[in-house]
$ cat target34.txt   # compact mmCIF, C-alpha atoms
# COMPACT_ATOMS: atom_id res chain seq x y z
CA MET A 20 -6.39 -7.43 19.86
CA VAL A 21 -6.94 -8.34 16.23
CA ALA A 22 -4.21 -10.78 15.12
CA ILE A 23 -3.26 -10.47 11.46
CA THR A 24 -0.84 -12.86 9.77
CA ARG A 25 1.30 -12.32 6.73
CA THR A 26 -1.02 -14.55 4.72
CA ASP A 27 -3.97 -12.37 5.75
CA ILE A 28 -2.09 -9.29 4.55
CA ASP A 29 -1.19 -10.85 1.21
CA ASN A 30 -4.82 -11.85 0.63
CA MET A 31 -6.39 -8.50 1.60
CA ASP A 32 -8.33 -6.22 -0.68
CA LYS A 33 -5.76 -3.80 -2.10
CA LEU A 34 -7.23 -0.60 -0.65
CA TYR A 35 -7.67 -2.16 2.80
CA ARG A 36 -4.05 -3.31 2.74
CA ILE A 37 -2.78 0.12 1.65
CA ASN A 38 -4.71 1.83 4.46
CA LEU A 39 -3.54 -0.71 7.02
CA ILE A 40 0.14 -0.91 6.16
CA ASN A 41 0.43 2.84 5.63
CA SER A 42 -0.82 3.32 9.21
CA CYS A 43 1.65 0.80 10.64
CA SER A 44 4.74 2.94 10.92
CA GLY A 45 3.04 5.43 13.26
CA TYR A 46 2.73 9.15 12.59
CA LYS A 47 4.56 10.43 9.53
CA SER A 48 6.23 13.70 8.67
CA ALA A 49 4.13 15.99 6.44
CA ASN A 50 6.17 17.85 3.84
CA LEU A 51 5.87 19.45 0.45
CA ILE A 52 8.79 18.89 -1.91
CA GLY A 53 9.26 21.72 -4.40
CA THR A 54 11.22 21.32 -7.63
CA GLN A 55 11.76 22.99 -10.98
CA SER A 56 12.90 21.47 -14.27
CA ASN A 57 15.70 22.99 -16.33
CA GLU A 58 12.96 24.30 -18.65
CA GLY A 59 11.39 26.15 -15.73
CA ASN A 60 8.36 23.94 -15.04
CA THR A 61 7.62 23.90 -11.32
CA ASN A 62 6.26 21.03 -9.27
CA VAL A 63 5.17 20.58 -5.69
CA ALA A 64 4.10 17.28 -4.11
CA VAL A 65 3.20 15.96 -0.67
CA PHE A 66 5.59 13.41 0.86
CA SER A 67 5.10 11.57 4.15
CA SER A 68 8.42 9.71 4.07
CA VAL A 69 10.97 12.45 4.81
CA VAL A 70 13.32 11.10 7.49
CA HIS A 71 16.28 12.47 9.44
CA LEU A 72 19.51 10.66 8.54
CA GLY A 73 22.14 12.67 10.38
CA SER A 74 23.09 16.10 11.65
CA ASN A 75 26.75 16.37 10.70
CA PRO A 76 26.61 16.56 7.73
CA PRO A 77 22.93 17.59 7.85
CA LEU A 78 21.11 14.91 5.83
CA LEU A 79 17.49 14.12 5.09
CA GLY A 80 16.12 11.21 3.07
CA PHE A 81 12.80 10.43 1.44
CA ILE A 82 11.28 7.45 -0.34
CA THR A 83 9.87 7.60 -3.85
CA ARG A 84 8.57 5.05 -6.31
CA PRO A 85 9.20 6.41 -9.81
CA ALA A 86 7.75 3.35 -11.52
CA VAL A 87 4.31 3.90 -9.96
CA VAL A 88 3.70 7.53 -9.06
CA PRO A 89 4.11 10.49 -11.38
CA ARG A 90 7.78 11.11 -11.28
CA ASP A 91 8.11 14.85 -11.81
CA THR A 92 9.68 15.41 -8.40
CA TYR A 93 12.28 12.71 -8.88
CA GLU A 94 13.06 13.69 -12.48
CA ASN A 95 13.47 17.36 -11.60
CA ILE A 96 15.81 16.47 -8.73
CA LYS A 97 17.94 14.27 -10.97
CA GLU A 98 17.95 16.95 -13.68
CA THR A 99 18.88 19.92 -11.51
CA GLY A 100 20.33 18.48 -8.30
CA PHE A 101 18.21 20.74 -6.10
CA TYR A 102 14.87 20.62 -4.30
CA THR A 103 13.11 22.11 -1.31
CA ILE A 104 11.40 20.50 1.69
CA ASN A 105 8.66 22.60 3.30
CA HIS A 106 6.71 21.72 6.44
CA ILE A 107 2.95 21.45 6.01
CA HIS A 108 1.00 23.50 8.56
CA GLN A 109 -2.66 23.73 9.54
CA GLU A 110 -3.73 26.29 6.96
CA ILE A 111 -2.47 24.38 3.92
CA THR A 112 -3.27 20.72 4.66
CA GLU A 113 -6.08 20.59 2.10
CA ASP A 114 -4.00 22.09 -0.70
CA ALA A 115 -1.04 19.97 0.33
CA HIS A 116 -3.12 16.82 0.08
CA HIS A 117 -4.46 17.88 -3.32
CA THR A 118 -0.91 17.74 -4.73
CA SER A 119 -1.28 13.94 -4.56
CA ALA A 120 -3.65 14.13 -7.56
CA LYS A 121 -2.05 12.68 -10.68
CA TYR A 122 -1.70 15.74 -12.90
CA PRO A 123 -0.10 15.31 -16.32
CA LYS A 124 3.55 16.26 -16.62
CA GLY A 125 3.79 19.96 -17.36
CA VAL A 126 0.90 20.94 -15.08
CA SER A 127 2.21 22.63 -11.94
CA GLU A 128 0.44 21.98 -8.65
CA PHE A 129 1.38 25.57 -7.81
CA ASP A 130 -1.19 26.59 -10.44
CA GLN A 131 -3.87 24.15 -9.25
CA THR A 132 -3.80 25.12 -5.55
CA ALA A 133 -3.38 28.23 -3.43
CA LEU A 134 0.23 27.20 -2.75
CA LYS A 135 2.64 29.84 -4.02
CA THR A 136 6.27 29.61 -5.04
CA ASN A 137 8.89 31.50 -3.04
CA TYR A 138 12.32 32.03 -4.62
CA LYS A 139 15.20 33.46 -2.61
CA ASP A 140 18.94 33.75 -2.15
CA ASN A 141 19.58 32.39 -5.65
CA PHE A 142 18.39 28.93 -4.68
CA SER A 143 17.16 27.39 -7.95
CA ALA A 144 14.23 25.30 -6.62
CA PRO A 145 11.03 26.97 -5.39
CA PHE A 146 10.22 27.05 -1.69
CA VAL A 147 6.55 26.96 -0.68
CA ASN A 148 5.50 30.42 0.43
CA ASN A 149 4.54 30.95 4.09
CA CYS A 150 5.78 27.57 5.33
CA HIS A 151 7.34 28.01 8.77
CA VAL A 152 10.24 25.69 7.94
CA GLN A 153 11.69 25.79 4.43
CA ILE A 154 14.75 23.72 3.58
CA GLY A 155 16.94 24.05 0.50
CA MET A 156 18.32 20.62 -0.38
CA ARG A 157 21.16 19.43 -2.63
CA TYR A 158 20.89 15.89 -3.99
CA VAL A 159 23.70 13.64 -2.76
CA GLU A 160 23.00 10.00 -3.51
CA GLU A 161 20.26 7.39 -3.81
CA TYR A 162 19.71 3.74 -3.06
CA ASN A 163 17.47 1.47 -5.09
CA LEU A 164 15.66 -0.75 -2.60
CA GLN A 165 15.65 -3.97 -4.53
CA ILE A 166 12.85 -5.67 -2.65
CA ASN A 167 10.13 -3.34 -3.93
CA GLU A 168 11.74 -0.98 -6.44
CA THR A 169 11.47 2.12 -4.31
CA ILE A 170 14.30 4.63 -4.09
CA LEU A 171 15.75 6.29 -1.01
CA VAL A 172 16.82 9.77 -2.13
CA ILE A 173 19.38 11.46 0.12
CA GLY A 174 20.18 15.16 0.19
CA GLU A 175 22.21 17.63 2.21
CA ILE A 176 20.69 20.73 3.76
CA GLU A 177 22.12 23.82 2.04
CA LYS A 178 19.69 26.50 3.25
CA LEU A 179 17.33 26.57 6.17
CA TYR A 180 14.63 29.19 6.81
CA ILE A 181 12.72 29.07 10.08
CA ASN A 182 10.01 31.31 11.47
CA ASP A 183 11.82 32.95 14.38
CA LYS A 184 8.77 32.49 16.64
CA ILE A 185 9.19 28.71 16.64
CA LEU A 186 12.99 28.47 17.00
CA GLU A 187 14.02 28.00 20.62
CA THR A 188 17.32 29.01 22.21
CA ASP A 189 18.86 25.51 22.06
CA GLY A 190 18.09 24.91 18.38
CA PHE A 191 14.82 23.04 18.99
CA ILE A 192 12.18 23.89 16.38
CA ASN A 193 8.82 23.93 18.16
CA LEU A 194 6.59 22.23 15.62
CA ALA A 195 3.49 22.60 17.80
CA LYS A 196 3.88 26.39 17.85
CA ALA A 197 3.99 26.35 14.04
CA LYS A 198 0.81 24.21 13.92
CA THR A 199 2.79 21.71 11.87
CA ALA A 200 0.83 18.75 10.54
CA THR A 201 1.55 15.06 10.89
CA ILE A 202 0.04 12.31 8.74
CA ASN A 203 -1.70 9.09 9.79
CA GLY A 204 -1.83 6.54 6.99
CA LEU A 205 -2.53 7.77 3.48
CA ASP A 206 -4.95 10.59 4.02
CA ALA A 207 -5.41 11.72 7.65
CA TYR A 208 -3.88 14.97 8.85
CA THR A 209 -3.65 16.16 12.44
CA ILE A 210 -2.11 19.18 14.17
CA PRO A 211 -0.52 18.23 17.51
CA GLU A 212 -0.76 20.67 20.42
CA GLN A 213 1.98 21.38 22.97
CA SER A 214 4.71 18.75 23.28
CA VAL A 215 6.64 17.69 26.38
CA ARG A 216 10.44 17.60 26.31
CA TYR A 217 12.26 15.01 28.39
CA PRO A 218 15.83 15.40 29.64
CA TYR A 219 18.79 13.46 28.26
CA GLN A 220 18.60 9.97 29.76
CA ARG A 221 21.38 8.21 31.65
CA PRO A 222 21.34 4.71 33.17
CA LYS A 223 19.60 4.64 36.58
CA MET B 3 12.35 34.18 9.10
CA VAL B 4 15.77 33.19 10.38
CA ALA B 5 18.02 32.33 7.43
CA ILE B 6 20.64 29.68 8.17
CA THR B 7 23.31 28.69 5.67
CA ARG B 8 25.21 25.45 5.39
CA THR B 9 28.30 27.18 6.79
CA ASP B 10 26.29 28.29 9.82
CA ILE B 11 25.19 24.68 10.39
CA ASP B 12 28.71 23.32 10.09
CA ASN B 13 29.97 25.88 12.61
CA MET B 14 27.22 25.41 15.19
CA ASP B 15 27.66 24.14 18.73
CA LYS B 16 27.11 20.38 18.47
CA LEU B 17 24.05 20.16 20.74
CA TYR B 18 22.39 23.14 19.03
CA ARG B 19 22.95 21.50 15.64
CA ILE B 20 21.58 18.15 16.81
CA ASN B 21 18.42 19.78 18.17
CA LEU B 22 17.97 21.87 15.03
CA ILE B 23 18.57 19.23 12.38
CA ASN B 24 16.61 16.58 14.27
CA SER B 25 13.60 18.92 14.20
CA CYS B 26 13.94 19.58 10.46
CA SER B 27 12.22 16.54 9.06
CA GLY B 28 8.92 17.34 10.82
CA TYR B 29 7.11 15.02 13.22
CA LYS B 30 8.60 11.55 13.56
CA SER B 31 7.14 8.14 14.26
CA ALA B 32 7.55 6.98 17.88
CA ASN B 33 8.29 3.28 18.18
CA LEU B 34 9.95 0.79 20.48
CA ILE B 35 11.97 -1.93 18.79
CA GLY B 36 12.09 -5.16 20.77
CA THR B 37 14.76 -7.83 20.21
CA GLN B 38 16.26 -10.86 21.88
CA SER B 39 19.72 -12.37 21.40
CA ASN B 40 20.22 -16.08 20.76
CA GLU B 41 21.35 -16.32 24.40
CA GLY B 42 17.98 -14.92 25.51
CA ASN B 43 19.00 -11.38 26.47
CA THR B 44 16.18 -8.97 25.68
CA ASN B 45 16.47 -5.39 24.52
CA VAL B 46 14.02 -2.59 23.83
CA ALA B 47 14.93 0.82 22.40
CA VAL B 48 13.13 3.92 21.16
CA PHE B 49 13.42 4.70 17.44
CA SER B 50 12.04 7.77 15.68
CA SER B 51 13.10 6.74 12.18
CA VAL B 52 10.68 3.92 11.34
CA VAL B 53 9.31 4.62 7.86
CA HIS B 54 6.78 2.96 5.54
CA LEU B 55 8.45 1.52 2.44
CA GLY B 56 5.61 -0.35 0.75
CA SER B 57 2.42 -2.30 1.31
CA ASN B 58 2.79 -5.25 -1.05
CA PRO B 59 4.98 -6.80 0.24
CA PRO B 60 4.45 -5.01 3.58
CA LEU B 61 7.80 -3.35 4.35
CA LEU B 62 9.07 -0.99 7.02
CA GLY B 63 12.54 0.51 7.34
CA PHE B 64 14.46 2.22 10.10
CA ILE B 65 17.78 4.00 10.40
CA THR B 66 20.49 2.99 12.86
CA ARG B 67 24.06 4.03 13.44
CA PRO B 68 25.90 1.03 14.91
CA ALA B 69 29.22 2.83 15.07
CA VAL B 70 27.87 5.47 17.48
CA VAL B 71 24.92 4.22 19.52
CA PRO B 72 24.83 1.02 21.56
CA ARG B 73 24.16 -1.58 18.98
CA ASP B 74 22.22 -4.26 20.83
CA THR B 75 19.13 -3.80 18.66
CA TYR B 76 21.07 -4.11 15.43
CA GLU B 77 23.20 -7.03 16.62
CA ASN B 78 20.19 -8.97 17.87
CA ILE B 79 18.41 -8.45 14.57
CA LYS B 80 21.42 -9.66 12.59
CA GLU B 81 21.83 -12.62 14.94
CA THR B 82 18.21 -13.81 14.96
CA GLY B 83 16.57 -12.24 11.91
CA PHE B 84 13.54 -11.09 13.93
CA TYR B 85 12.40 -7.99 15.82
CA THR B 86 9.24 -6.21 16.87
CA ILE B 87 8.01 -2.66 16.27
CA ASN B 88 5.60 -1.34 18.91
CA HIS B 89 3.81 2.02 18.82
CA ILE B 90 4.52 4.31 21.77
CA HIS B 91 1.35 5.65 23.41
CA GLN B 92 0.62 8.32 25.99
CA GLU B 93 1.10 6.18 29.10
CA ILE B 94 4.60 4.95 28.24
CA THR B 95 6.35 7.95 26.70
CA GLU B 96 8.56 8.48 29.75
CA ASP B 97 9.69 4.85 29.92
CA ALA B 98 10.07 4.76 26.16
CA HIS B 99 12.35 7.79 26.26
CA HIS B 100 14.40 6.26 29.06
CA THR B 101 15.38 3.38 26.74
CA SER B 102 17.65 5.92 25.02
CA ALA B 103 20.00 5.76 28.06
CA LYS B 104 23.25 3.99 27.19
CA TYR B 105 23.06 0.84 29.30
CA PRO B 106 25.88 -1.68 29.07
CA LYS B 107 25.33 -4.68 26.82
CA GLY B 108 23.56 -7.38 28.81
CA VAL B 109 21.33 -4.95 30.73
CA SER B 110 17.76 -5.15 29.46
CA GLU B 111 15.70 -1.97 29.30
CA PHE B 112 12.73 -4.22 30.11
CA ASP B 113 14.28 -4.55 33.60
CA GLN B 114 15.02 -0.83 33.98
CA THR B 115 11.54 0.46 33.11
CA ALA B 116 7.91 -0.53 33.58
CA LEU B 117 7.84 -1.84 30.00
CA LYS B 118 7.04 -5.56 29.96
CA THR B 119 7.78 -8.22 27.37
CA ASN B 120 4.89 -9.95 25.61
CA TYR B 121 5.61 -13.21 23.76
CA LYS B 122 2.99 -14.81 21.55
CA ASP B 123 2.27 -17.12 18.62
CA ASN B 124 5.82 -18.53 18.70
CA PHE B 125 7.29 -15.24 17.49
CA SER B 126 10.85 -15.25 18.84
CA ALA B 127 11.30 -11.52 19.58
CA PRO B 128 9.46 -9.84 22.46
CA PHE B 129 6.59 -7.48 21.80
CA VAL B 130 6.05 -4.60 24.24
CA ASN B 131 3.07 -5.40 26.41
CA ASN B 132 -0.05 -3.22 26.10
CA CYS B 133 1.04 -1.40 22.97
CA HIS B 134 -1.99 -0.85 20.73
CA VAL B 135 -0.04 -1.75 17.59
CA GLN B 136 2.56 -4.53 17.78
CA ILE B 137 4.36 -5.67 14.65
CA GLY B 138 6.42 -8.84 14.23
CA MET B 139 9.19 -8.13 11.72
CA ARG B 140 11.52 -10.39 9.71
CA TYR B 141 14.82 -8.84 8.60
CA VAL B 142 15.12 -8.66 4.83
CA GLU B 143 18.03 -6.48 3.76
CA GLU B 144 20.05 -3.41 4.63
CA TYR B 145 21.78 -0.53 2.93
CA ASN B 146 24.90 1.17 4.22
CA LEU B 147 24.46 4.88 3.59
CA GLN B 148 27.98 5.78 2.64
CA ILE B 149 27.72 9.49 3.26
CA ASN B 150 27.41 9.16 7.05
CA GLU B 151 27.80 5.49 7.93
CA THR B 152 24.21 4.95 8.95
CA ILE B 153 22.32 1.82 7.96
CA LEU B 154 18.81 1.51 6.56
CA VAL B 155 17.44 -1.77 7.94
CA ILE B 156 14.49 -3.19 6.00
CA GLY B 157 12.07 -5.82 7.26
CA GLU B 158 8.83 -7.49 6.20
CA ILE B 159 5.77 -7.56 8.42
CA GLU B 160 5.09 -11.14 9.52
CA LYS B 161 2.60 -10.56 12.35
CA LEU B 162 0.40 -7.62 13.17
CA TYR B 163 -1.60 -7.12 16.37
CA ILE B 164 -3.95 -4.17 16.60
CA ASN B 165 -6.30 -3.06 19.35
CA ASP B 166 -9.67 -3.66 17.73
CA LYS B 167 -10.98 -0.32 19.07
CA ILE B 168 -8.62 1.63 16.78
CA LEU B 169 -8.95 -0.44 13.57
CA GLU B 170 -11.52 1.05 11.21
CA THR B 171 -13.56 -0.77 8.59
CA ASP B 172 -11.36 0.22 5.66
CA GLY B 173 -8.07 -0.84 7.28
CA PHE B 174 -7.19 2.61 8.63
CA ILE B 175 -5.57 2.43 12.07
CA ASN B 176 -6.80 5.44 14.06
CA LEU B 177 -3.63 6.51 15.84
CA ALA B 178 -5.40 9.37 17.65
CA LYS B 179 -7.85 6.93 19.28
CA ALA B 180 -4.86 4.94 20.56
CA LYS B 181 -3.25 8.09 21.96
CA THR B 182 -0.20 7.28 19.88
CA ALA B 183 2.80 9.56 20.36
CA THR B 184 4.80 11.44 17.79
CA ILE B 185 8.29 12.89 18.32
CA ASN B 186 9.58 16.40 17.64
CA GLY B 187 13.37 16.54 17.45
CA LEU B 188 15.35 14.45 19.89
CA ASP B 189 13.30 14.60 23.03
CA ALA B 190 9.79 16.10 22.66
CA TYR B 191 6.73 13.86 22.69
CA THR B 192 3.18 14.87 21.83
CA ILE B 193 -0.14 13.02 21.55
CA PRO B 194 -2.22 14.28 18.63
CA GLU B 195 -6.00 14.50 19.00
CA GLN B 196 -8.56 13.70 16.30
CA SER B 197 -7.29 13.67 12.72
CA VAL B 198 -9.15 14.66 9.55
CA ARG B 199 -9.23 12.31 6.59
CA TYR B 200 -9.33 13.74 3.09
CA PRO B 201 -10.72 11.92 0.06
CA TYR B 202 -8.58 10.49 -2.72
CA GLN B 203 -7.54 13.42 -4.93
CA ARG B 204 -8.05 13.69 -8.66
CA PRO B 205 -7.04 16.53 -11.01
CA LYS B 206 -9.56 19.41 -10.91

$ encode --input "target34.txt" --output "structure tokens"
Amino acid sequence: MVAITRTDIDNMDKLYRINLINSCSGYKSANLIGTQSNEGNTNVAVFSSVVHLGSNPPLLGFITRPAVVPRDTYENIKETGFYTINHIHQEITEDAHHTSAKYPKGVSEFDQTALKTNYKDNFSAPFVNNCHVQIGMRYVEEYNLQINETILVIGEIEKLYINDKILETDGFINLAKAKTATINGLDAYTIPEQSVRYPYQRPK
Amino acid sequence: MVAITRTDIDNMDKLYRINLINSCSGYKSANLIGTQSNEGNTNVAVFSSVVHLGSNPPLLGFITRPAVVPRDTYENIKETGFYTINHIHQEITEDAHHTSAKYPKGVSEFDQTALKTNYKDNFSAPFVNNCHVQIGMRYVEEYNLQINETILVIGEIEKLYINDKILETDGFINLAKAKTATINGLDAYTIPEQSVRYPYQRPK
């Protein structure tokens, strides 16, 4: 085992540290967040920090750092109150990753990639076409994490579209069947095969 | 596509809703959090909500719901200020999942499974033996998410132990080489194979 102390981390080359610490949390969710400004400018960006917060009410959170990264996603959410979360699958990982490029405000990643918008059921934010799980979100609240000036953005699920081939009879969404991606660190994508479900556990 | 509205979600059978909404965020990180009370009682529990918050300082967060689940992990962290995060790998998924059973306070999951404690370098909380990534964490702050009474617990990385076979020259931890698990929903575990790394993206 390599033993790394906090002092080692603080003294690391910046890129080495970013690679290392970004790999530390384990595999990450791989999602595209779609938004649209009140003026009609669309935006889509890859996020690896979407996290389940609760099922009743149905809540998802994600982490953003408006002071550092281009903030179109965050600004559009604050402006309109709505956004979409779309699972990244095998066929779109390369385009999904390209949305991390720092385009100027006003340039839509939907125009710079093969990703296409998908509007439906009067939901104001664009879904990403052909994603097997598409979630329409309504902004609820946010927390400013004082220690490093990131923001936890929390939203409620308003709409949920799921490819019927991956939805099982007990509500389980089979991500392996959808060839859903997961992210390792900053830049590695992998498509897990078949998963194994374990029963509900009780004390022995 | 199956179209599900918010009203549908609110009216669902509880177990169906839990399976569905827990699958919605995509793949989740698979970690064991190890703690020890001041009296010396150990605890280890599976968490699928560990999320990267930042690299400088190196911060990880996780979500807990003390009002609903057995709260040994949270109480021990508040009592001592220290905890460990350990990546779940292929050989321990079954034991890791068993730590979700609701044992009475005072019963250690280290005694009810084949998971073993690993103490080192005077770090007060127990690591999980043989995990390929073991992280010593110091509690920093927490946020009470008012909308559903969950808590985001934030800690700084103090110690980091990594199997040298999975640490690459640029700091990337190769989770596939470690046969690290990822979680789908509440109860499905999968071990991704080889990942693909993409280069840093710039506007075209």

$ interface_residues --input "target34.txt" --of "chain A" --to "chain B" --cutoff "6 Å" --atoms "only C-alpha atoms" --output "VMD selection string"
chain A and resid 20 to 25 35 37 to 40 42 44 to 48 70 to 71 74 117 120 122 177 to 183 189 to 192 206 to 209 211 214 to 217 220 to 222

$ closest_residue --input "target34.txt" --among "A:Gln109, A:Ser127, A:Thr54, A:Asn30" --to "Cys150 in chain A" --atoms "only C-alpha atoms"
A:Gln109

$ atom_distance --input "target34.txt" --atom1 "CA of Phe129 in chain A" --atom2 "CA of Lys196 in chain A"
25.8 Å

$ closest_residue --input "target34.txt" --among "A:Val63, A:Leu51, A:Leu134, A:Ala144" --to "Arg90 in chain A" --atoms "all atoms listed in the file"
A:Val63

$ atom_distance --input "target34.txt" --atom1 "CA of Asp113 in chain B" --atom2 "CA of Val155 in chain B"
26.0 Å

$ atom_distance --input "target34.txt" --atom1 "CA of Gly59 in chain A" --atom2 "CA of Asp114 in chain A"
21.9 Å

$ residues_around --input "target34.txt" --residues "Pro145 in chain A" --least-positions-apart "6" --cutoff "6 Å" --atoms "only C-alpha atoms" --output "PyMOL selection string"
chain A and resi 53+136-138

$ write_last_selection --input "target34.txt" --atoms "C-alpha atoms" --output "PDB file, in the coordinates of the input"
ATOM      1  CA  GLY A  53       9.260  21.720  -4.400  1.00  0.00           C
ATOM      2  CA  THR A 136       6.270  29.610  -5.040  1.00  0.00           C
ATOM      3  CA  ASN A 137       8.890  31.500  -3.040  1.00  0.00           C
ATOM      4  CA  TYR A 138      12.320  32.030  -4.620  1.00  0.00           C
TER       5      TYR A 138
END

$ axis_aligned_box --input "target34.txt" --around "range 58-72 of chain A" --padding-each-side "3 Å" --output "JSON"
{"center_x": 11.4, "center_y": 17.9, "center_z": -4.6, "size_x": 22.3, "size_y": 22.4, "size_z": 34.1}

$ closest_residue --input "target34.txt" --among "B:Ser126, B:Glu81, B:Ala98, B:Lys107" --to "Val48 in chain B" --atoms "all atoms listed in the file"
B:Ala98

$ closest_residue --input "target34.txt" --among "A:Ile111, A:Glu58, A:Gly125, A:Ile96" --to "Asn148 in chain A" --atoms "only C-alpha atoms"
A:Ile111

$ decode --input "target34.txt" --residues "range 187-201 of chain A" --atoms "C-alpha atoms" --output "compact mmCIF listing (two decimals), in the first residue's frame"
# COMPACT_ATOMS: atom_id res chain seq x y z
CA GLU A 187 -38.23 -4.03 -13.93
CA THR A 188 -41.47 -5.05 -12.23
CA ASP A 189 -40.45 -3.83 -8.77
CA GLY A 190 -39.37 -0.35 -9.89
CA PHE A 191 -35.67 -1.22 -10.26
CA ILE A 192 -34.09 0.51 -13.26
CA ASN A 193 -31.56 -1.91 -14.75
CA LEU A 194 -28.69 0.41 -15.59
CA ALA A 195 -26.59 -2.41 -17.05
CA LYS A 196 -29.29 -3.20 -19.63
CA ALA A 197 -29.23 0.46 -20.68
CA LYS A 198 -25.42 0.37 -21.02
CA THR A 199 -25.31 3.28 -18.60
CA ALA A 200 -21.88 4.77 -17.98
CA THR A 201 -20.11 5.38 -14.70
